[in-house]
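To start, the structure itself, in structure tokens.
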Amino acid sequence: TGIYHSLIKLGIKHEIPTRPDLNTANFVLSQFPQAHLAEARIAFIDARTNLSVSYGELRRSIYSLASALFHGLEVRKGDVVFVLSPNSTLYSTICLAVLSVGAVLTTANPINTATEIAKQVHDSSAKLAISAPEELHKLVPTGVPTILTSHCSDGNMLSVEELIKGCCTSPELPQVPVAQSDTAAILYSSGTTGVSKGVVLTHANLISIMRLLLWSADVSGSQDDVFLAFIPMFHIYGLVFFGLGLLCVGVTTILMQKYDFQAMLDAIQKHKVNNLPAVPPVILALVKHARKATCDLSSLRRVGSGAAPLSKEVALEFRRMFPWIELRQGYGLTESSGGATFFASDKDAKAHPDSCGKLIPTFCAKVVDIEKGKPLPPHKEGELWFKSPTIMKGYLGNLEATSAAIDSEGWLRTGDLGYIDENGFVYIVERIKELIKHNGYQVAPAELESVLLSHPLIVDAAVIPVEDEETGQIPMAYVVRAAGSELSENQVIQFVAGQVAPYKKVRKVSFIDTIPKSAAGKILRKDLVSQSKYQLVS
Ligand code: 4UV
């Protein structure tokens, strides 16, 4: 039939529940370590301040904040709450309290610019924002009512910290009926084309992905693990692991506000971290610099890599240098609530260094011929399509983009070219969608093109990815200047840098007479990609 099914069956315990009243928050809380002693287990440690939070404290904070949001701030079912914060010990509390009252979570990269943030506040129709004090200035112009995460000495704004302290401890969550088909989160992704869109994830989506994470943790016996989190919780990868899912497993997570190579090594050594979900640039940095750095990585047992392709050479070198560490690649998308493939054993991962694993349980896949639209047999390259209970409901308020992404039978088009071998291992060959990934972060060419076109001396523009060893890809702009203009590469770079978050900066510019386009006016990016390769070598 051309359909690949995950060959791994879930046990009864991990099957997707049908209880209609279960929401993401009471699901996570129902999985917390239950016994009295287990309440003292540490859930989070802030790597910078050493502040720790036990599972018992976390549960009480979630109850208190949920009560304060519901009774005090009148946050109601369906209200969108915008969270703007780096990783912190409060992040999960905020997410779970918001979800528990049936409100909808939307998250953003705290280094986004005020304009980017305003766009998301507007697009998601946020009713309330919760902001780290240092990012507050970006929310003020939007006029959205805002509370801070932690108390800030200058000013009299409410903070989550105070709400938790001030609220008489509530013994339970406010009783808000939430259906699993209700929206839980709106995360932003550009999908296969265009600008960032709101990916609507339901409670059923999030509960399903957490069940799968729980199942894989049970398989590998992770309950006593110590994880390190620099992957941000605003992104699906960090949200599912650190914000929600690992709390179901009962592990301890050491939190870093942002990635820093030396701070990461120090934290691994100090806290005897054994699990490190990472991205390819971090694996490369370990291969290149760990030998020279003074560090003890002997506690590490497993390192994960996802969000962008990991080169086979780097993977092999990593295993040679750190033979005691399992390296497991995974692959996923915001649109599939995170992971779609994974390795269940190190033996499999070792034997397939260029694969990103097998379909996770409950997933089906098709590899579809790009020209003919027909499903392909093993080893043949085509676009990967997925079906699973974790696939998003659609893009917020955008039926056209939704039906372009998900067909009438529920198949999600990934925009990734790959193949599946006869044993079910999945290989990603190339990204065919427009998306650029810089250090694992999404950069949408269409967004940069619209910034470029707002320059009075730019007549037309197209942005494409250029491969980069350290960061994966960098955005490169092809620019058509107005007649007689002497606009320089540096001026273009500075112009864009002034308007976008640092990870989205255009880092190379080439001037061109016309942008190649199809008869329908679509930018022929492939032509520009070939041209850029020629330019870089000639
Ligand atoms: O939407 P997004 O930014 O989402 C992600 C999610 C990555 C995750 C999440 C949970 C996991 O457990 C895990 O292992 C990985 O990145 O970007 C989706 C696109 O990123 C590329 C691919 O083009 C997706 O469509 N991508 C993600 N992982 C890989 C990858 C990979 N291992 N190899 C190649 N490309």
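Each chain in the structure tokens gets a letter, A, B, ..., in the order shown, and its residues are numbered from 1; ligands are numbered from 1 in order too.
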
message = When DSSP is applied to the backbone of this structure, which of region 104-245 of chain A are assigned alpha helix (DSSP H)? Write them out as JSON, numbers by chain.
response = {"A": [114, 115, 116, 117, 118, 119, 120, 121, 122, 123, 124, 136, 137, 138, 139, 160, 161, 162, 163, 164, 165, 166, 203, 204, 205, 206, 207, 208, 209, 210, 211, 212, 213, 214, 215, 216, 217, 218, 219, 220, 236, 237, 238]}

For those residues, write N, CA and C atoms to a file as a compact mmCIF listing (two decimals), in the first residue's frame.
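So the final result, stored in selection-v1.txt, reads:
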```txt
# COMPACT_ATOMS: atom_id res chain seq x y z
N ALA A 114 10.59 43.66 19.15
CA ALA A 114 9.26 44.15 19.55
C ALA A 114 8.28 44.00 18.39
N THR A 115 8.73 44.25 17.17
CA THR A 115 7.83 44.13 16.01
C THR A 115 7.39 42.69 15.82
N GLU A 116 8.34 41.76 15.92
CA GLU A 116 8.02 40.34 15.76
C GLU A 116 7.04 39.89 16.84
N ILE A 117 7.26 40.38 18.05
CA ILE A 117 6.39 40.00 19.17
C ILE A 117 4.99 40.60 18.99
N ALA A 118 4.93 41.84 18.56
CA ALA A 118 3.62 42.48 18.35
C ALA A 118 2.82 41.68 17.32
N LYS A 119 3.50 41.23 16.28
CA LYS A 119 2.83 40.45 15.24
C LYS A 119 2.18 39.20 15.83
N GLN A 120 2.93 38.51 16.69
CA GLN A 120 2.41 37.26 17.27
C GLN A 120 1.29 37.53 18.28
N VAL A 121 1.45 38.59 19.08
CA VAL A 121 0.40 38.95 20.05
C VAL A 121 -0.90 39.20 19.29
N HIS A 122 -0.78 39.92 18.18
CA HIS A 122 -1.94 40.27 17.37
C HIS A 122 -2.51 39.02 16.70
N ASP A 123 -1.63 38.25 16.05
CA ASP A 123 -2.10 37.08 15.29
C ASP A 123 -2.79 36.06 16.19
N SER A 124 -2.25 35.89 17.40
CA SER A 124 -2.81 34.87 18.30
C SER A 124 -3.98 35.42 19.13
N LEU A 136 9.95 43.00 29.09
CA LEU A 136 8.68 43.71 29.21
C LEU A 136 8.52 44.85 28.19
N HIS A 137 9.64 45.58 27.97
CA HIS A 137 9.56 46.74 27.07
C HIS A 137 9.05 46.38 25.67
N LYS A 138 9.23 45.10 25.28
CA LYS A 138 8.77 44.71 23.94
C LYS A 138 7.26 44.50 23.91
N LEU A 139 6.68 44.25 25.08
CA LEU A 139 5.23 44.01 25.13
C LEU A 139 4.44 45.28 25.36
N VAL A 160 4.26 36.50 38.61
CA VAL A 160 3.88 35.11 38.85
C VAL A 160 4.38 34.67 40.22
N GLU A 161 5.61 35.06 40.53
CA GLU A 161 6.20 34.71 41.83
C GLU A 161 5.30 35.15 42.98
N GLU A 162 4.85 36.42 42.92
CA GLU A 162 4.00 36.93 43.99
C GLU A 162 2.62 36.27 43.99
N LEU A 163 2.09 36.04 42.78
CA LEU A 163 0.78 35.39 42.71
C LEU A 163 0.83 34.01 43.38
N ILE A 164 1.96 33.32 43.16
CA ILE A 164 2.09 31.98 43.75
C ILE A 164 2.18 32.09 45.27
N LYS A 165 2.99 33.06 45.73
CA LYS A 165 3.16 33.24 47.19
C LYS A 165 1.88 33.74 47.84
N GLY A 166 1.23 34.68 47.16
CA GLY A 166 0.10 35.37 47.78
C GLY A 166 -1.17 34.56 47.80
N HIS A 203 -5.12 19.54 23.21
CA HIS A 203 -4.73 18.76 24.39
C HIS A 203 -4.45 17.31 23.99
N ALA A 204 -5.26 16.77 23.06
CA ALA A 204 -5.03 15.38 22.61
C ALA A 204 -3.64 15.26 21.98
N ASN A 205 -3.24 16.27 21.18
CA ASN A 205 -1.91 16.23 20.56
C ASN A 205 -0.82 16.17 21.64
N LEU A 206 -0.92 17.05 22.62
CA LEU A 206 0.15 17.14 23.63
C LEU A 206 0.15 15.91 24.55
N ILE A 207 -1.05 15.44 24.90
CA ILE A 207 -1.10 14.24 25.76
C ILE A 207 -0.51 13.04 25.00
N SER A 208 -0.82 12.97 23.70
CA SER A 208 -0.28 11.86 22.91
C SER A 208 1.24 11.89 22.88
N ILE A 209 1.81 13.05 22.65
CA ILE A 209 3.28 13.09 22.53
C ILE A 209 3.91 12.80 23.90
N MET A 210 3.25 13.21 24.98
CA MET A 210 3.81 12.91 26.30
C MET A 210 3.74 11.43 26.63
N ARG A 211 2.65 10.77 26.21
CA ARG A 211 2.55 9.32 26.40
C ARG A 211 3.72 8.63 25.71
N LEU A 212 4.06 9.14 24.51
CA LEU A 212 5.14 8.51 23.75
C LEU A 212 6.49 8.76 24.43
N LEU A 213 6.65 9.94 24.97
CA LEU A 213 7.89 10.25 25.69
C LEU A 213 8.00 9.38 26.94
N LEU A 214 6.86 9.23 27.63
CA LEU A 214 6.83 8.39 28.83
C LEU A 214 7.18 6.95 28.48
N TRP A 215 6.60 6.50 27.38
CA TRP A 215 6.86 5.14 26.94
C TRP A 215 8.35 4.96 26.66
N SER A 216 8.96 5.93 25.95
CA SER A 216 10.37 5.75 25.59
C SER A 216 11.25 5.87 26.83
N ALA A 217 10.82 6.66 27.81
CA ALA A 217 11.58 6.76 29.06
C ALA A 217 11.48 5.44 29.83
N ASP A 218 10.31 4.82 29.79
CA ASP A 218 10.14 3.54 30.46
C ASP A 218 11.04 2.49 29.82
N VAL A 219 11.10 2.55 28.47
CA VAL A 219 11.92 1.58 27.75
C VAL A 219 13.38 1.71 28.16
N SER A 220 13.83 2.97 28.31
CA SER A 220 15.25 3.15 28.61
C SER A 220 15.51 3.40 30.10
N ILE A 236 9.00 23.71 20.30
CA ILE A 236 8.32 22.43 20.56
C ILE A 236 9.26 21.40 21.19
N TYR A 237 10.52 21.37 20.76
CA TYR A 237 11.49 20.38 21.26
C TYR A 237 11.66 20.57 22.78
N GLY A 238 11.89 21.80 23.22
CA GLY A 238 12.08 22.08 24.65
C GLY A 238 10.78 21.99 25.43
```

message = To check your reading of the model: which residues sit at most 9 Å from ligand 1 when counting only C-alpha atoms and all ligand atoms? Write the answer as a ChimeraX atom specification.
response = /A:188-192,213,235-241,277-280,304-310,328-342,355-357,414-417,427-433,435-437,440-442

query = Which parts of region 23-87 of chain A does DSSP call strand (DSSP E or B) when run on the backbone here, written out as a list in words?
reply = Ile42, Ala43, Phe44, Ile45, Asp46, Ser52, Val53, Ser54, Val80, Val81, Phe82, Val83 and Leu84 of chain A

message = Could you check the closest approach to Leu158 (chain A) for each of A:Pro133, A:Gly472, A:Pro171, A:Gly221 and tell me which residue wins, using only C-alpha atoms?
response =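 Using only C-alpha atoms, the shortest distance to Leu158 (chain A) belongs to A:Pro133.
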
Residue contacts of His289 (chain A) (12 Å, only C-alpha atoms) excluding same-chain residues fewer than 5 positions away, as a PDB file with all heavy atoms, in the first residue's frame:
```pdb
ATOM      1  N   PHE A 261      28.690  27.270  25.610  1.00  0.00           N
ATOM      2  CA  PHE A 261      29.437  26.016  25.573  1.00  0.00           C
ATOM      3  C   PHE A 261      30.098  25.705  26.917  1.00  0.00           C
ATOM      4  O   PHE A 261      29.911  24.614  27.474  1.00  0.00           O
ATOM      5  CB  PHE A 261      30.479  26.066  24.450  1.00  0.00           C
ATOM      6  CG  PHE A 261      31.224  24.776  24.264  1.00  0.00           C
ATOM      7  CD1 PHE A 261      30.560  23.640  23.819  1.00  0.00           C
ATOM      8  CD2 PHE A 261      32.575  24.697  24.529  1.00  0.00           C
ATOM      9  CE1 PHE A 261      31.229  22.435  23.645  1.00  0.00           C
ATOM     10  CE2 PHE A 261      33.259  23.499  24.359  1.00  0.00           C
ATOM     11  CZ  PHE A 261      32.594  22.367  23.916  1.00  0.00           C
ATOM     12  N   GLN A 262      30.863  26.677  27.457  1.00  0.00           N
ATOM     13  CA  GLN A 262      31.580  26.420  28.702  1.00  0.00           C
ATOM     14  C   GLN A 262      30.614  26.203  29.862  1.00  0.00           C
ATOM     15  O   GLN A 262      30.805  25.305  30.687  1.00  0.00           O
ATOM     16  CB  GLN A 262      32.563  27.561  29.013  1.00  0.00           C
ATOM     17  CG  GLN A 262      33.536  27.249  30.157  1.00  0.00           C
ATOM     18  CD  GLN A 262      34.353  25.970  29.936  1.00  0.00           C
ATOM     19  OE1 GLN A 262      34.929  25.760  28.861  1.00  0.00           O
ATOM     20  NE2 GLN A 262      34.391  25.081  30.937  1.00  0.00           N
ATOM     21  N   LEU A 265      29.372  22.721  29.753  1.00  0.00           N
ATOM     22  CA  LEU A 265      30.338  21.736  30.266  1.00  0.00           C
ATOM     23  C   LEU A 265      30.388  21.783  31.793  1.00  0.00           C
ATOM     24  O   LEU A 265      30.399  20.745  32.463  1.00  0.00           O
ATOM     25  CB  LEU A 265      31.736  22.016  29.696  1.00  0.00           C
ATOM     26  CG  LEU A 265      31.894  21.919  28.174  1.00  0.00           C
ATOM     27  CD1 LEU A 265      33.330  22.215  27.777  1.00  0.00           C
ATOM     28  CD2 LEU A 265      31.478  20.539  27.666  1.00  0.00           C
ATOM     29  N   PRO A 281      24.735  21.772  16.024  1.00  0.00           N
ATOM     30  CA  PRO A 281      25.887  22.637  16.300  1.00  0.00           C
ATOM     31  C   PRO A 281      26.554  22.342  17.656  1.00  0.00           C
ATOM     32  O   PRO A 281      27.763  22.549  17.814  1.00  0.00           O
ATOM     33  CB  PRO A 281      25.283  24.048  16.303  1.00  0.00           C
ATOM     34  CG  PRO A 281      24.055  23.935  15.465  1.00  0.00           C
ATOM     35  CD  PRO A 281      23.521  22.557  15.725  1.00  0.00           C
ATOM     36  N   VAL A 282      25.781  21.839  18.602  1.00  0.00           N
ATOM     37  CA  VAL A 282      26.346  21.515  19.922  1.00  0.00           C
ATOM     38  C   VAL A 282      27.168  20.221  19.840  1.00  0.00           C
ATOM     39  O   VAL A 282      28.237  20.101  20.453  1.00  0.00           O
ATOM     40  CB  VAL A 282      25.224  21.396  20.978  1.00  0.00           C
ATOM     41  CG1 VAL A 282      25.772  20.962  22.326  1.00  0.00           C
ATOM     42  CG2 VAL A 282      24.477  22.721  21.101  1.00  0.00           C
ATOM     43  N   ILE A 283      26.691  19.268  19.054  1.00  0.00           N
ATOM     44  CA  ILE A 283      27.449  18.021  18.858  1.00  0.00           C
ATOM     45  C   ILE A 283      28.777  18.363  18.188  1.00  0.00           C
ATOM     46  O   ILE A 283      29.843  17.878  18.579  1.00  0.00           O
ATOM     47  CB  ILE A 283      26.666  17.021  17.948  1.00  0.00           C
ATOM     48  CG1 ILE A 283      25.206  16.887  18.388  1.00  0.00           C
ATOM     49  CG2 ILE A 283      27.378  15.675  17.866  1.00  0.00           C
ATOM     50  CD1 ILE A 283      24.954  16.184  19.659  1.00  0.00           C
ATOM     51  N   LEU A 284      28.714  19.256  17.186  1.00  0.00           N
ATOM     52  CA  LEU A 284      29.932  19.666  16.489  1.00  0.00           C
ATOM     53  C   LEU A 284      30.889  20.373  17.454  1.00  0.00           C
ATOM     54  O   LEU A 284      32.103  20.115  17.445  1.00  0.00           O
ATOM     55  CB  LEU A 284      29.571  20.610  15.323  1.00  0.00           C
ATOM     56  CG  LEU A 284      30.761  21.104  14.506  1.00  0.00           C
ATOM     57  CD1 LEU A 284      31.350  19.973  13.669  1.00  0.00           C
ATOM     58  CD2 LEU A 284      30.367  22.270  13.591  1.00  0.00           C
ATOM     59  N   THR A 294      38.657  22.135  29.816  1.00  0.00           N
ATOM     60  CA  THR A 294      38.803  21.323  31.024  1.00  0.00           C
ATOM     61  C   THR A 294      37.402  20.913  31.460  1.00  0.00           C
ATOM     62  O   THR A 294      36.616  21.745  31.891  1.00  0.00           O
ATOM     63  CB  THR A 294      39.468  22.131  32.152  1.00  0.00           C
ATOM     64  OG1 THR A 294      38.836  23.399  32.164  1.00  0.00           O
ATOM     65  CG2 THR A 294      40.950  22.260  31.968  1.00  0.00           C
ATOM     66  N   CYS A 295      37.111  19.654  31.292  1.00  0.00           N
ATOM     67  CA  CYS A 295      35.774  19.219  31.669  1.00  0.00           C
ATOM     68  C   CYS A 295      35.765  17.726  31.890  1.00  0.00           C
ATOM     69  O   CYS A 295      36.596  16.994  31.363  1.00  0.00           O
ATOM     70  CB  CYS A 295      34.771  19.586  30.585  1.00  0.00           C
ATOM     71  SG  CYS A 295      35.123  18.822  29.014  1.00  0.00           S
ATOM     72  N   PHE A 318      32.032  11.823  16.922  1.00  0.00           N
ATOM     73  CA  PHE A 318      31.528  11.945  18.292  1.00  0.00           C
ATOM     74  C   PHE A 318      31.618  10.594  19.004  1.00  0.00           C
ATOM     75  O   PHE A 318      32.099  10.487  20.124  1.00  0.00           O
ATOM     76  CB  PHE A 318      30.080  12.445  18.280  1.00  0.00           C
ATOM     77  CG  PHE A 318      29.510  12.663  19.657  1.00  0.00           C
ATOM     78  CD1 PHE A 318      29.594  13.898  20.270  1.00  0.00           C
ATOM     79  CD2 PHE A 318      28.896  11.621  20.339  1.00  0.00           C
ATOM     80  CE1 PHE A 318      29.082  14.091  21.549  1.00  0.00           C
ATOM     81  CE2 PHE A 318      28.388  11.805  21.615  1.00  0.00           C
ATOM     82  CZ  PHE A 318      28.479  13.046  22.217  1.00  0.00           C
ATOM     83  N   MET A 321      35.222   9.741  19.811  1.00  0.00           N
ATOM     84  CA  MET A 321      35.797  10.515  20.913  1.00  0.00           C
ATOM     85  C   MET A 321      35.175  10.192  22.261  1.00  0.00           C
ATOM     86  O   MET A 321      35.818  10.284  23.291  1.00  0.00           O
ATOM     87  CB  MET A 321      35.611  12.015  20.645  1.00  0.00           C
ATOM     88  CG  MET A 321      36.590  12.565  19.649  1.00  0.00           C
ATOM     89  SD  MET A 321      36.255  14.317  19.367  1.00  0.00           S
ATOM     90  CE  MET A 321      36.732  15.046  20.936  1.00  0.00           C
TER      91      MET A 321
END
```

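For the residues A:Ser403, A:Ser125, A:Gln535, A:Ser92, ranking by smallest atom-to-atom distance to Thr142 (chain A) using only C-alpha atoms places A:Ser125 first.
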
inquiry  = List the spatial neighbours of Thr514 (chain A) as number ranges by chain - criterion: any atom at most 12 Å away, only C-alpha atoms, same-chain residues fewer than 5 positions off excluded.
reply    = A: 458-462, 478-482, 523-524, 528

request  = List the neighbours of Leu396 (chain A) out to 10 Å using only C-alpha atoms; skip same-chain residues closer than 2 positions along the sequence, and give me the result as a PyMOL selection string.
outcome  = chain A and resi 123-124+186-188+197-201+393-394+398-399+401-402

Mind writing the picked residues with all heavy atoms as an mmCIF file, in the first residue's frame?
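Everything below was put into selection.cif:
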```
data_model
loop_
_atom_site.group_PDB
_atom_site.id
_atom_site.type_symbol
_atom_site.label_atom_id
_atom_site.label_comp_id
_atom_site.auth_asym_id
_atom_site.auth_seq_id
_atom_site.Cartn_x
_atom_site.Cartn_y
_atom_site.Cartn_z
ATOM 1 N N ASP A 123 -1.630 38.246 16.045
ATOM 2 C CA ASP A 123 -2.102 37.084 15.285
ATOM 3 C C ASP A 123 -2.792 36.063 16.189
ATOM 4 O O ASP A 123 -3.769 35.437 15.801
ATOM 5 C CB ASP A 123 -0.917 36.420 14.563
ATOM 6 C CG ASP A 123 -1.377 35.323 13.624
ATOM 7 O OD1 ASP A 123 -1.923 35.663 12.564
ATOM 8 O OD2 ASP A 123 -1.222 34.130 13.964
ATOM 9 N N SER A 124 -2.253 35.886 17.403
ATOM 10 C CA SER A 124 -2.814 34.866 18.301
ATOM 11 C C SER A 124 -3.976 35.423 19.127
ATOM 12 O O SER A 124 -4.591 34.697 19.884
ATOM 13 C CB SER A 124 -1.717 34.338 19.234
ATOM 14 O OG SER A 124 -1.244 35.385 20.060
ATOM 15 N N ILE A 186 -0.563 27.366 20.759
ATOM 16 C CA ILE A 186 -0.342 27.880 19.403
ATOM 17 C C ILE A 186 1.138 28.235 19.317
ATOM 18 O O ILE A 186 1.590 29.216 19.904
ATOM 19 C CB ILE A 186 -1.207 29.128 19.126
ATOM 20 C CG1 ILE A 186 -2.691 28.823 19.383
ATOM 21 C CG2 ILE A 186 -1.004 29.623 17.702
ATOM 22 C CD1 ILE A 186 -3.582 30.058 19.342
ATOM 23 N N LEU A 187 1.896 27.393 18.632
ATOM 24 C CA LEU A 187 3.328 27.649 18.472
ATOM 25 C C LEU A 187 3.540 28.129 17.051
ATOM 26 O O LEU A 187 2.742 27.811 16.163
ATOM 27 C CB LEU A 187 4.131 26.381 18.738
ATOM 28 C CG LEU A 187 3.907 25.711 20.090
ATOM 29 C CD1 LEU A 187 4.894 24.563 20.285
ATOM 30 C CD2 LEU A 187 4.078 26.708 21.232
ATOM 31 N N TYR A 188 4.587 28.857 16.807
ATOM 32 C CA TYR A 188 4.732 29.449 15.471
ATOM 33 C C TYR A 188 5.765 28.744 14.617
ATOM 34 O O TYR A 188 6.867 28.423 15.061
ATOM 35 C CB TYR A 188 4.980 30.968 15.597
ATOM 36 C CG TYR A 188 3.639 31.657 15.804
ATOM 37 C CD1 TYR A 188 2.983 31.548 17.022
ATOM 38 C CD2 TYR A 188 2.976 32.297 14.762
ATOM 39 C CE1 TYR A 188 1.709 32.090 17.202
ATOM 40 C CE2 TYR A 188 1.714 32.850 14.929
ATOM 41 C CZ TYR A 188 1.083 32.735 16.147
ATOM 42 O OH TYR A 188 -0.174 33.245 16.320
ATOM 43 N N LYS A 197 3.337 30.943 10.961
ATOM 44 C CA LYS A 197 1.898 30.761 11.154
ATOM 45 C C LYS A 197 1.677 30.071 12.499
ATOM 46 O O LYS A 197 2.549 29.346 12.979
ATOM 47 C CB LYS A 197 1.335 29.862 10.032
ATOM 48 C CG LYS A 197 1.420 30.503 8.660
ATOM 49 C CD LYS A 197 1.034 29.529 7.558
ATOM 50 C CE LYS A 197 2.157 28.611 7.147
ATOM 51 N NZ LYS A 197 3.268 29.256 6.466
ATOM 52 N N GLY A 198 0.501 30.273 13.071
ATOM 53 C CA GLY A 198 0.212 29.646 14.362
ATOM 54 C C GLY A 198 -0.144 28.180 14.186
ATOM 55 O O GLY A 198 -1.137 27.847 13.540
ATOM 56 N N VAL A 199 0.670 27.291 14.748
ATOM 57 C CA VAL A 199 0.407 25.858 14.693
ATOM 58 C C VAL A 199 -0.514 25.512 15.866
ATOM 59 O O VAL A 199 -0.127 25.651 17.019
ATOM 60 C CB VAL A 199 1.729 25.059 14.819
ATOM 61 C CG1 VAL A 199 1.460 23.565 14.944
ATOM 62 C CG2 VAL A 199 2.639 25.365 13.645
ATOM 63 N N VAL A 200 -1.742 25.115 15.541
ATOM 64 C CA VAL A 200 -2.731 24.861 16.592
ATOM 65 C C VAL A 200 -2.606 23.415 17.079
ATOM 66 O O VAL A 200 -2.844 22.470 16.328
ATOM 67 C CB VAL A 200 -4.163 25.118 16.059
ATOM 68 C CG1 VAL A 200 -5.192 24.785 17.133
ATOM 69 C CG2 VAL A 200 -4.298 26.568 15.605
ATOM 70 N N LEU A 201 -2.182 23.271 18.329
ATOM 71 C CA LEU A 201 -2.043 21.940 18.929
ATOM 72 C C LEU A 201 -3.108 21.765 20.000
ATOM 73 O O LEU A 201 -3.351 22.672 20.804
ATOM 74 C CB LEU A 201 -0.649 21.776 19.552
ATOM 75 C CG LEU A 201 0.542 21.947 18.592
ATOM 76 C CD1 LEU A 201 1.862 21.835 19.346
ATOM 77 C CD2 LEU A 201 0.502 20.916 17.464
ATOM 78 N N LYS A 393 -3.916 20.477 14.556
ATOM 79 C CA LYS A 393 -5.269 20.667 14.019
ATOM 80 C C LYS A 393 -5.179 21.471 12.716
ATOM 81 O O LYS A 393 -5.929 21.232 11.785
ATOM 82 C CB LYS A 393 -6.056 21.452 15.054
ATOM 83 C CG LYS A 393 -7.529 21.368 14.956
ATOM 84 C CD LYS A 393 -8.116 21.541 16.360
ATOM 85 C CE LYS A 393 -9.254 22.508 16.440
ATOM 86 N NZ LYS A 393 -9.710 22.702 17.817
ATOM 87 N N GLY A 394 -4.259 22.421 12.665
ATOM 88 C CA GLY A 394 -4.103 23.229 11.464
ATOM 89 C C GLY A 394 -3.392 24.524 11.809
ATOM 90 O O GLY A 394 -2.932 24.693 12.940
ATOM 91 N N ASN A 398 -6.090 30.066 9.033
ATOM 92 C CA ASN A 398 -5.511 30.020 7.691
ATOM 93 C C ASN A 398 -5.859 28.688 7.019
ATOM 94 O O ASN A 398 -5.048 27.763 6.956
ATOM 95 C CB ASN A 398 -3.985 30.207 7.795
ATOM 96 C CG ASN A 398 -3.355 30.557 6.465
ATOM 97 O OD1 ASN A 398 -3.894 30.214 5.407
ATOM 98 N ND2 ASN A 398 -2.225 31.227 6.502
ATOM 99 N N LEU A 399 -7.099 28.623 6.524
ATOM 100 C CA LEU A 399 -7.585 27.374 5.926
ATOM 101 C C LEU A 399 -6.768 26.964 4.717
ATOM 102 O O LEU A 399 -6.503 25.787 4.497
ATOM 103 C CB LEU A 399 -9.047 27.549 5.497
ATOM 104 C CG LEU A 399 -10.087 27.330 6.590
ATOM 105 C CD1 LEU A 399 -11.486 27.593 6.068
ATOM 106 C CD2 LEU A 399 -9.967 25.889 7.134
ATOM 107 N N ALA A 401 -3.540 27.545 4.059
ATOM 108 C CA ALA A 401 -2.265 26.930 4.454
ATOM 109 C C ALA A 401 -2.509 25.576 5.104
ATOM 110 O O ALA A 401 -1.739 24.631 4.907
ATOM 111 C CB ALA A 401 -1.517 27.843 5.418
ATOM 112 N N THR A 402 -3.615 25.449 5.848
ATOM 113 C CA THR A 402 -3.914 24.168 6.498
ATOM 114 C C THR A 402 -4.180 23.095 5.450
ATOM 115 O O THR A 402 -3.640 21.987 5.536
ATOM 116 C CB THR A 402 -5.143 24.294 7.432
ATOM 117 O OG1 THR A 402 -4.860 25.315 8.392
ATOM 118 C CG2 THR A 402 -5.433 22.995 8.156
#
```

ask   = What gap, in Å, lies between CA of Ile147 (chain A) and CA of Ala66 (chain A)?
value =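 Result for CA of Ile147 (chain A) versus CA of Ala66 (chain A): 14.0 Å, one decimal.
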
query = Could you work out how far CA of Lys292 (chain A) lies from CA of Pro353 (chain A), giving the answer in Å with one decimal?
reply =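 CA of Lys292 (chain A) lies at a distance of 25.3 Å from CA of Pro353 (chain A).
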
When you look at Leu90 (chain A) with a cut-off of 9 Å (counting only C-alpha atoms), what residues show up, excluding the ones that are within fewer than 5 positions of it in the same chain? I need them as a PDB file with N, CA and C atoms, in the first residue's frame.
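Wrote part_2.pdb, looks like this:
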```pdb
ATOM      1  N   LEU A  58       6.443  22.205  42.931  1.00  0.00           N
ATOM      2  CA  LEU A  58       5.945  22.493  41.587  1.00  0.00           C
ATOM      3  C   LEU A  58       4.427  22.292  41.533  1.00  0.00           C
ATOM      4  N   SER A  61       2.760  25.136  43.324  1.00  0.00           N
ATOM      5  CA  SER A  61       2.843  26.382  42.535  1.00  0.00           C
ATOM      6  C   SER A  61       1.841  26.381  41.396  1.00  0.00           C
ATOM      7  N   CYS A  95       3.148  27.275  32.123  1.00  0.00           N
ATOM      8  CA  CYS A  95       2.497  26.502  31.053  1.00  0.00           C
ATOM      9  C   CYS A  95       1.370  25.661  31.624  1.00  0.00           C
ATOM     10  N   THR A 149       7.170  37.495  35.168  1.00  0.00           N
ATOM     11  CA  THR A 149       7.452  36.172  35.725  1.00  0.00           C
ATOM     12  C   THR A 149       7.908  36.351  37.171  1.00  0.00           C
ATOM     13  N   SER A 150       8.968  37.152  37.343  1.00  0.00           N
ATOM     14  CA  SER A 150       9.451  37.353  38.703  1.00  0.00           C
ATOM     15  C   SER A 150       9.389  38.831  39.045  1.00  0.00           C
ATOM     16  N   VAL A 160       4.259  36.497  38.612  1.00  0.00           N
ATOM     17  CA  VAL A 160       3.883  35.107  38.851  1.00  0.00           C
ATOM     18  C   VAL A 160       4.380  34.669  40.222  1.00  0.00           C
ATOM     19  N   GLU A 161       5.614  35.063  40.527  1.00  0.00           N
ATOM     20  CA  GLU A 161       6.200  34.711  41.827  1.00  0.00           C
ATOM     21  C   GLU A 161       5.298  35.150  42.980  1.00  0.00           C
TER      22      GLU A 161
END
```
